[in-house]
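Engineer: Shown below is the structure under consideration.
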Amino acid sequence: MRLIAPLASTLLDSLRDLLPIVAVILFFQLFVLGQPIPNLLDLAVGGVMVVAGLTLFVQGLKLGLFPIGETMAWDFARKGSLLWLLGFAFALGFGTTVAEPALIAVAAEAADVAADAGMISADELAKADYADGLRLTVALAVGLAIVVGVLRILRGWPIAWLIVGGYVGVVIMTIFAPREIIGIAYDSGGVTTSTITVPLVTALGVGLASSIEGRNPMTDGFGLIAFASLTPMIFVMGYGMLI
Amino acid sequence: MDVLCPFEHIVPLCGTFSDVLPILAILIGFQVLVLRRPVPNLRRVLLGFVLVLIGLALFIQGLETALFPLGKLMASQLTAPDFLGTPTDTGGAAAGHHWLAYLWVYLFAFAIGFATTIAEPSLIAVAIKANQVSAGAIGTWGLRIAVALGVAIGIALGAFRIVSGTPLHYYIISGYVVVLIQTLFAPRSIVALAYDSGGVTTSTVTVPLVAALGLGLSSTIPGRNPVLDGFGLIAFASLFPIMSVMGYAQLSEWYARVSRRRAPDHEDH
């Protein structure tokens with residue numbers, strides 16, 4: 001019973017969240033393209049699923065993902081073992097990225113690009129090898145990013161310096177990387193952080209920053225995702241240069 | 001698989017579950033083997049995970065039934081030569097045809113970037129957290145609209161880049177320079193959140209539609225290579241929210257300062 005009231009208000013929020021998409025699609029379909037809406041039934045069924053899904057997701061976020069992320073952050077801080085915390089950070093970054101469906105798709109496309117450009121031979125085996133290598137590279141990059149991000153929260157390093165350093169790294173790599181890889185590398189930064197990873201990692205960062213004295217959850221707690229989107233660009237360009 | 005997952009074609013629960021499995025394994029592994037502490041409210045947390053799983057499966061399946069096919073179709077129609085070549089309803093001058101034809105593409109890019117970002121579940125999560133941590137100072141809607149505007153401008157500019165054929169890294173590197181300058185002047189408390197909002201914007205909802213737009217554009221415009229030029233829109237969508245969120249914070253700080261300064265002035269006179 002306690003679940004019903006918040007569920008109803010989340011449901012209203014979800015409806016409001018999805019309104020812009022519906023409006024944009026209707027406007028362009030009817031007025032710009034001047035075409036009727038096809039498959040109205042599919043659209044209605046899908047719309048109901050999207051609203052219900054978003055509602056359940058946001059509810060589950062508050063009940064499950066946020067609390068577990070913060071509890072674990074507090075427990076690690078209390079345990080006081082830096083190595084285990086960093087191990088957890090790496091596992092979380094690496095483990096969630098290596099199986100990320102969006103990344104698998106991008107890696108496969110990247111292999112096609114590389115084969116077209118003659119960087120690797122065009123047979124399936126070479127492409128699969130290349131895509132797997134790329135996927136591991138990105139996962140490694142995200143794992144290291146979360147480790148560095150957690151260290152930053154613990155030590156209180158200003159985030160701007162690390163980001164500036166990362167940007168300089170991206171710019172330098174762009175100069176030397178093969179032209180074909182640049183677009184994929186820049187995109188790979190954006191696709192790494194999935195819908196389940198983001199709330200967990202955010203809760204971990206905020207939890208750590210609030211459990212350590214002298215850290216402000218607002219200035220120090222955020223930023224883990226920023227690193228996770230920056231390092232893959234550098235690593236993917238490095239991968240493109242090596243292969 | 002068919003026996004275990006009988007409703008996979010309706011709601012891909014098993015697919016979502018296998019995506020989440022590595023995360024669950026890591027969480028449970030560290031909780032049981034390393035931390036060895038009971039999780040408070042374990043039943044609530046487990047219920048939360050089940051809700052997240054079902055919710056995400058429904059959400060993605062719903063998008064794939066309803067929105068993605070139509071959105072992708074529209075992206076390809078808007079970039080099709082038929083549509084671009086005959087801008088009948090605009091009636092512009094001959095020289096303006098080219099521009100006005102693509103204008104709808106930029107507008108669509110802007111609108112779809114904005115709308116998908118508002119619906120992006122990871123951004124909702126970060127906005128909830130930021131609102132909590134800042135004790136309400138950062139409104140969930142303020143942040144989400146700032147991010148959505150950033151994505152909208154980014155995708156529109158990215159579409160313009162594909163049309164004009166300028167190199168991607170010129171835009172990205174000058175974007176970095178703007179971000180760095182803003183970092184020097186923005187309120188310190190917003191910087192980390194702004195950087196984060198760059199990474200969270202592009203996931204479940206935005207990527208498929210934006211990728212379809214990029215692919216459609218780069219395969220229609222002569223001289224563009226879809227595999228080369230189709231990439232890069234996501235990069236725009238992750239860079240511009242950083243600027244817009246810092247800009248939002250700078251504006252609201254500036255506004256607060258101005259109204260504070262104005263108030264004592266009135267008392268002096």
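Ligands are numbered from 1 in the order shown, residues from 1 within each chain, and chains are lettered A, B, ... in the order they appear in the structure tokens.
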With DSSP run on the backbone, what are the alpha helix (DSSP H) residues within chain A? I'd like them as a PyMOL selection string.
Structural biologist: chain A and resi 4-27+40-60+66-79+82-98+101-116+124-155+159-176+179-191+197-211+224-242
Engineer: Can you tell me which residues surround range 34-42 of chain A at a distance of at most 12 Å, considering only C-alpha atoms, apart from same-chain residues fewer than 3 positions away, and format the answer as a PyMOL selection string?
Structural biologist: (chain A and resi 22+25-31+45-50) or (chain B and resi 61-71+73-74+77-78+83+88-89)
Engineer: Convert the current residue selection to file output with N, CA, C and O atoms, as a compact mmCIF listing (two decimals), in the first residue's frame.
Structural biologist:
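Written output follows (out.txt):
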```txt
# COMPACT_ATOMS: atom_id res chain seq x y z
N VAL A 22 6.50 13.12 -27.81
CA VAL A 22 5.26 12.93 -28.56
C VAL A 22 4.94 14.18 -29.37
O VAL A 22 4.60 14.11 -30.56
N ILE A 25 7.35 14.55 -32.41
CA ILE A 25 7.08 13.57 -33.47
C ILE A 25 5.78 13.90 -34.19
O ILE A 25 5.71 13.90 -35.41
N LEU A 26 4.75 14.26 -33.42
CA LEU A 26 3.48 14.61 -34.05
C LEU A 26 3.64 15.83 -34.95
O LEU A 26 3.19 15.85 -36.10
N PHE A 27 4.32 16.86 -34.44
CA PHE A 27 4.47 18.11 -35.21
C PHE A 27 5.19 17.83 -36.52
O PHE A 27 4.72 18.22 -37.60
N PHE A 28 6.32 17.14 -36.46
CA PHE A 28 7.09 16.93 -37.69
C PHE A 28 6.36 15.98 -38.65
O PHE A 28 6.39 16.18 -39.86
N GLN A 29 5.71 14.98 -38.08
CA GLN A 29 5.03 14.02 -38.94
C GLN A 29 3.83 14.67 -39.65
O GLN A 29 3.66 14.53 -40.85
N LEU A 30 3.02 15.40 -38.90
CA LEU A 30 1.78 15.93 -39.47
C LEU A 30 2.01 17.22 -40.25
O LEU A 30 1.47 17.38 -41.35
N PHE A 31 2.83 18.13 -39.71
CA PHE A 31 2.90 19.46 -40.32
C PHE A 31 4.08 19.62 -41.26
O PHE A 31 3.98 20.29 -42.28
N VAL A 45 0.23 1.16 -27.75
CA VAL A 45 0.74 0.11 -26.87
C VAL A 45 2.14 0.47 -26.39
O VAL A 45 2.46 0.42 -25.20
N GLY A 46 3.00 0.86 -27.35
CA GLY A 46 4.37 1.23 -27.00
C GLY A 46 4.39 2.40 -26.03
O GLY A 46 5.17 2.41 -25.08
N GLY A 47 3.52 3.39 -26.26
CA GLY A 47 3.48 4.55 -25.38
C GLY A 47 3.14 4.17 -23.94
O GLY A 47 3.79 4.64 -23.00
N VAL A 48 2.15 3.29 -23.79
CA VAL A 48 1.78 2.84 -22.45
C VAL A 48 2.95 2.12 -21.79
O VAL A 48 3.27 2.34 -20.61
N MET A 49 3.67 1.28 -22.58
CA MET A 49 4.82 0.55 -22.02
C MET A 49 5.92 1.51 -21.58
O MET A 49 6.55 1.33 -20.54
N VAL A 50 6.16 2.54 -22.41
CA VAL A 50 7.23 3.50 -22.07
C VAL A 50 6.90 4.23 -20.77
O VAL A 50 7.74 4.35 -19.88
N GLN B 61 11.41 -1.72 -24.59
CA GLN B 61 10.52 -2.38 -25.55
C GLN B 61 9.48 -1.41 -26.10
O GLN B 61 9.19 -1.40 -27.29
N GLY B 62 8.96 -0.55 -25.22
CA GLY B 62 7.98 0.44 -25.64
C GLY B 62 8.58 1.41 -26.65
O GLY B 62 7.95 1.73 -27.67
N LEU B 63 9.81 1.84 -26.38
CA LEU B 63 10.49 2.73 -27.33
C LEU B 63 10.65 2.06 -28.67
O LEU B 63 10.47 2.67 -29.72
N GLU B 64 11.00 0.76 -28.63
CA GLU B 64 11.25 0.07 -29.88
C GLU B 64 9.96 -0.21 -30.66
O GLU B 64 9.98 -0.31 -31.87
N THR B 65 8.84 -0.36 -29.92
CA THR B 65 7.57 -0.57 -30.63
C THR B 65 7.05 0.74 -31.20
O THR B 65 6.55 0.79 -32.31
N ALA B 66 7.13 1.81 -30.38
CA ALA B 66 6.41 3.01 -30.76
C ALA B 66 7.30 4.08 -31.36
O ALA B 66 7.06 4.54 -32.48
N LEU B 67 8.33 4.47 -30.62
CA LEU B 67 9.01 5.70 -30.99
C LEU B 67 10.13 5.52 -32.00
O LEU B 67 10.24 6.29 -32.94
N PHE B 68 10.96 4.49 -31.79
CA PHE B 68 12.14 4.37 -32.65
C PHE B 68 11.80 4.19 -34.12
O PHE B 68 12.38 4.87 -34.97
N PRO B 69 10.85 3.28 -34.46
CA PRO B 69 10.57 3.11 -35.89
C PRO B 69 10.12 4.41 -36.54
O PRO B 69 10.62 4.80 -37.60
N LEU B 70 9.21 5.13 -35.85
CA LEU B 70 8.69 6.37 -36.40
C LEU B 70 9.78 7.44 -36.44
O LEU B 70 9.96 8.13 -37.45
N GLY B 71 10.54 7.55 -35.34
CA GLY B 71 11.60 8.55 -35.28
C GLY B 71 12.66 8.33 -36.35
O GLY B 71 13.11 9.27 -37.00
N LEU B 73 12.26 6.64 -39.14
CA LEU B 73 11.62 6.88 -40.44
C LEU B 73 11.61 8.37 -40.74
O LEU B 73 11.94 8.82 -41.85
N MET B 74 11.25 9.15 -39.72
CA MET B 74 11.21 10.60 -39.91
C MET B 74 12.59 11.16 -40.19
O MET B 74 12.74 12.03 -41.05
N GLN B 77 13.29 10.39 -43.70
CA GLN B 77 12.44 11.17 -44.62
C GLN B 77 12.89 12.63 -44.69
O GLN B 77 12.92 13.23 -45.77
N LEU B 78 13.22 13.18 -43.53
CA LEU B 78 13.63 14.58 -43.51
C LEU B 78 14.95 14.80 -44.25
O LEU B 78 15.22 15.89 -44.73
N PHE B 83 12.58 15.20 -50.11
CA PHE B 83 12.13 16.24 -49.19
C PHE B 83 13.03 17.47 -49.27
O PHE B 83 12.57 18.59 -49.30
N THR B 88 8.46 22.88 -50.97
CA THR B 88 7.30 23.54 -51.57
C THR B 88 6.66 24.57 -50.66
O THR B 88 6.30 25.65 -51.10
N ASP B 89 6.56 24.24 -49.38
CA ASP B 89 5.79 25.11 -48.52
C ASP B 89 6.56 26.33 -48.01
O ASP B 89 6.00 27.20 -47.38
```
Engineer: Extract, using only C-alpha atoms, all DNA, RNA and protein residues at most 8 Å from range 206-221 of chain B, discarding same-chain residues fewer than 4 positions from it, and format them as a PyMOL selection string.
Structural biologist: (chain A and resi 191) or (chain B and resi 68+71-72+75-76+79-81+109+113+116-117+120+155+159+162-163+201-202+225-227+229-231+233-234)
Engineer: In Å, how far is it from CA of Gly189 in chain A to CA of Met233 in chain A?
Structural biologist: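 Calculated distance between CA of Gly189 in chain A and CA of Met233 in chain A is 5.5 Å.
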Engineer: Out of B:Ala125, B:Ile181, B:Leu239, B:Ile60, which residue has the shortest atom-to-atom distance to Gly154 in chain B when counting only C-alpha atoms?
Structural biologist: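 Checking each candidate against Gly154 in chain B, we get B:Leu239 as the closest.
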Engineer: Between CA of Gly118 in chain A and CA of Met241 in chain A, measure the distance and give it in Å to one decimal.
Structural biologist: 13.4 Å
Engineer: Counting only C-alpha atoms, what is within 12 Å of Leu208 in chain A, bar same-chain residues fewer than 4 positions away, as a PyMOL selection string?
Structural biologist: chain A and resi 69-78+80+85+89+149-156+201-204+212-218+220-222+224
Engineer: Can you write out the residues you just picked, keeping N, CA, C and O atoms, as a CSV table (one decimal), in the first residue's frame?
Structural biologist:
```csv
chain,number,residue,atom,x,y,z
A,69,GLY,N,24.0,1.9,-3.6
A,69,GLY,CA,25.2,2.6,-3.9
A,69,GLY,C,25.8,3.4,-2.8
A,69,GLY,O,27.0,3.4,-2.4
A,70,GLU,N,24.9,4.1,-2.0
A,70,GLU,CA,25.3,4.9,-0.9
A,70,GLU,C,25.8,4.0,0.3
A,70,GLU,O,26.8,4.3,0.9
A,71,THR,N,25.0,2.9,0.5
A,71,THR,CA,25.3,2.1,1.6
A,71,THR,C,26.7,1.5,1.4
A,71,THR,O,27.5,1.4,2.4
A,72,MET,N,27.0,1.0,0.2
A,72,MET,CA,28.3,0.4,0.0
A,72,MET,C,29.4,1.5,0.1
A,72,MET,O,30.5,1.2,0.6
A,73,ALA,N,29.1,2.7,-0.4
A,73,ALA,CA,30.1,3.8,-0.2
A,73,ALA,C,30.5,4.0,1.3
A,73,ALA,O,31.6,4.0,1.7
A,74,TRP,N,29.4,4.1,2.1
A,74,TRP,CA,29.6,4.2,3.5
A,74,TRP,C,30.4,3.1,4.1
A,74,TRP,O,31.3,3.3,4.9
A,75,ASP,N,30.0,1.8,3.7
A,75,ASP,CA,30.7,0.7,4.3
A,75,ASP,C,32.2,0.6,3.9
A,75,ASP,O,33.0,0.2,4.7
A,76,PHE,N,32.4,1.0,2.6
A,76,PHE,CA,33.8,1.0,2.2
A,76,PHE,C,34.6,2.0,3.0
A,76,PHE,O,35.8,1.8,3.4
A,77,ALA,N,34.0,3.2,3.2
A,77,ALA,CA,34.7,4.3,3.9
A,77,ALA,C,35.0,3.8,5.4
A,77,ALA,O,36.0,4.1,5.9
A,78,ARG,N,34.0,3.1,6.0
A,78,ARG,CA,34.2,2.6,7.3
A,78,ARG,C,35.2,1.5,7.4
A,78,ARG,O,36.0,1.5,8.4
A,80,GLY,N,37.8,1.3,5.6
A,80,GLY,CA,39.1,1.9,5.5
A,80,GLY,C,40.1,1.3,4.6
A,80,GLY,O,41.3,1.7,4.7
A,85,LEU,N,38.5,-0.7,-2.0
A,85,LEU,CA,37.6,0.3,-2.6
A,85,LEU,C,38.0,0.6,-4.0
A,85,LEU,O,37.1,0.6,-4.9
A,89,ALA,N,35.8,0.0,-7.4
A,89,ALA,CA,35.6,1.0,-8.4
A,89,ALA,C,36.0,0.5,-9.8
A,89,ALA,O,35.3,0.7,-10.7
A,149,GLY,N,38.7,8.7,-10.4
A,149,GLY,CA,37.6,9.6,-9.8
A,149,GLY,C,37.4,9.3,-8.3
A,149,GLY,O,37.2,10.3,-7.6
A,150,VAL,N,37.5,8.1,-7.9
A,150,VAL,CA,37.3,7.8,-6.5
A,150,VAL,C,38.5,8.3,-5.7
A,150,VAL,O,38.4,8.9,-4.6
A,151,LEU,N,39.7,8.1,-6.2
A,151,LEU,CA,40.9,8.7,-5.6
A,151,LEU,C,40.8,10.2,-5.4
A,151,LEU,O,41.2,10.8,-4.4
A,152,ARG,N,40.3,10.8,-6.5
A,152,ARG,CA,40.1,12.3,-6.4
A,152,ARG,C,39.2,12.7,-5.3
A,152,ARG,O,39.4,13.6,-4.6
A,153,ILE,N,38.1,11.9,-5.1
A,153,ILE,CA,37.1,12.2,-4.0
A,153,ILE,C,37.8,12.1,-2.7
A,153,ILE,O,37.7,12.9,-1.8
A,154,LEU,N,38.6,11.0,-2.6
A,154,LEU,CA,39.3,10.7,-1.3
A,154,LEU,C,40.3,11.8,-1.0
A,154,LEU,O,40.4,12.2,0.2
A,155,ARG,N,41.1,12.2,-2.0
A,155,ARG,CA,42.2,13.1,-1.7
A,155,ARG,C,41.7,14.6,-1.8
A,155,ARG,O,42.4,15.5,-1.5
A,156,GLY,N,40.5,14.8,-2.4
A,156,GLY,CA,40.0,16.2,-2.6
A,156,GLY,C,40.7,17.0,-3.7
A,156,GLY,O,40.7,18.2,-3.6
A,201,VAL,N,26.8,4.7,-9.9
A,201,VAL,CA,28.1,5.5,-9.8
A,201,VAL,C,27.9,6.8,-9.1
A,201,VAL,O,28.7,7.2,-8.3
A,202,THR,N,26.8,7.5,-9.5
A,202,THR,CA,26.5,8.8,-8.8
A,202,THR,C,26.3,8.6,-7.3
A,202,THR,O,26.8,9.4,-6.5
A,203,ALA,N,25.5,7.5,-7.0
A,203,ALA,CA,25.3,7.3,-5.5
A,203,ALA,C,26.6,7.0,-4.8
A,203,ALA,O,26.8,7.4,-3.7
A,204,LEU,N,27.5,6.2,-5.5
A,204,LEU,CA,28.8,5.9,-4.9
A,204,LEU,C,29.6,7.1,-4.6
A,204,LEU,O,30.1,7.3,-3.5
A,212,ILE,N,33.2,11.1,4.0
A,212,ILE,CA,34.5,11.5,4.4
A,212,ILE,C,34.5,12.9,4.9
A,212,ILE,O,33.9,13.8,4.2
A,213,GLU,N,35.1,13.2,6.0
A,213,GLU,CA,35.1,14.5,6.6
A,213,GLU,C,35.9,15.5,5.7
A,213,GLU,O,36.9,15.1,5.2
A,214,GLY,N,35.3,16.7,5.6
A,214,GLY,CA,36.0,17.7,4.8
A,214,GLY,C,35.7,17.6,3.3
A,214,GLY,O,36.2,18.4,2.5
A,215,ARG,N,34.9,16.7,2.9
A,215,ARG,CA,34.5,16.6,1.5
A,215,ARG,C,33.0,17.1,1.4
A,215,ARG,O,32.2,16.8,2.2
A,216,ASN,N,32.8,17.8,0.3
A,216,ASN,CA,31.4,18.4,0.1
A,216,ASN,C,30.8,17.5,-1.0
A,216,ASN,O,31.3,17.4,-2.1
A,217,PRO,N,29.6,16.9,-0.7
A,217,PRO,CA,29.0,16.0,-1.7
A,217,PRO,C,28.7,16.7,-3.0
A,217,PRO,O,28.8,16.1,-4.1
A,218,MET,N,28.5,18.0,-3.0
A,218,MET,CA,28.1,18.8,-4.2
A,218,MET,C,29.4,19.0,-5.1
A,218,MET,O,29.4,18.7,-6.3
A,220,ASP,N,32.5,17.6,-4.6
A,220,ASP,CA,33.4,16.4,-4.7
A,220,ASP,C,32.7,15.1,-5.1
A,220,ASP,O,33.3,14.3,-5.7
A,221,GLY,N,31.4,15.1,-4.8
A,221,GLY,CA,30.7,13.8,-5.1
A,221,GLY,C,30.4,13.5,-6.6
A,221,GLY,O,30.5,12.4,-7.0
A,222,PHE,N,30.1,14.6,-7.3
A,222,PHE,CA,29.9,14.3,-8.7
A,222,PHE,C,31.2,14.3,-9.5
A,222,PHE,O,32.3,14.6,-8.9
A,224,LEU,N,32.4,11.5,-11.3
A,224,LEU,CA,32.8,10.1,-11.7
A,224,LEU,C,32.4,9.9,-13.2
A,224,LEU,O,33.2,9.3,-14.0
```
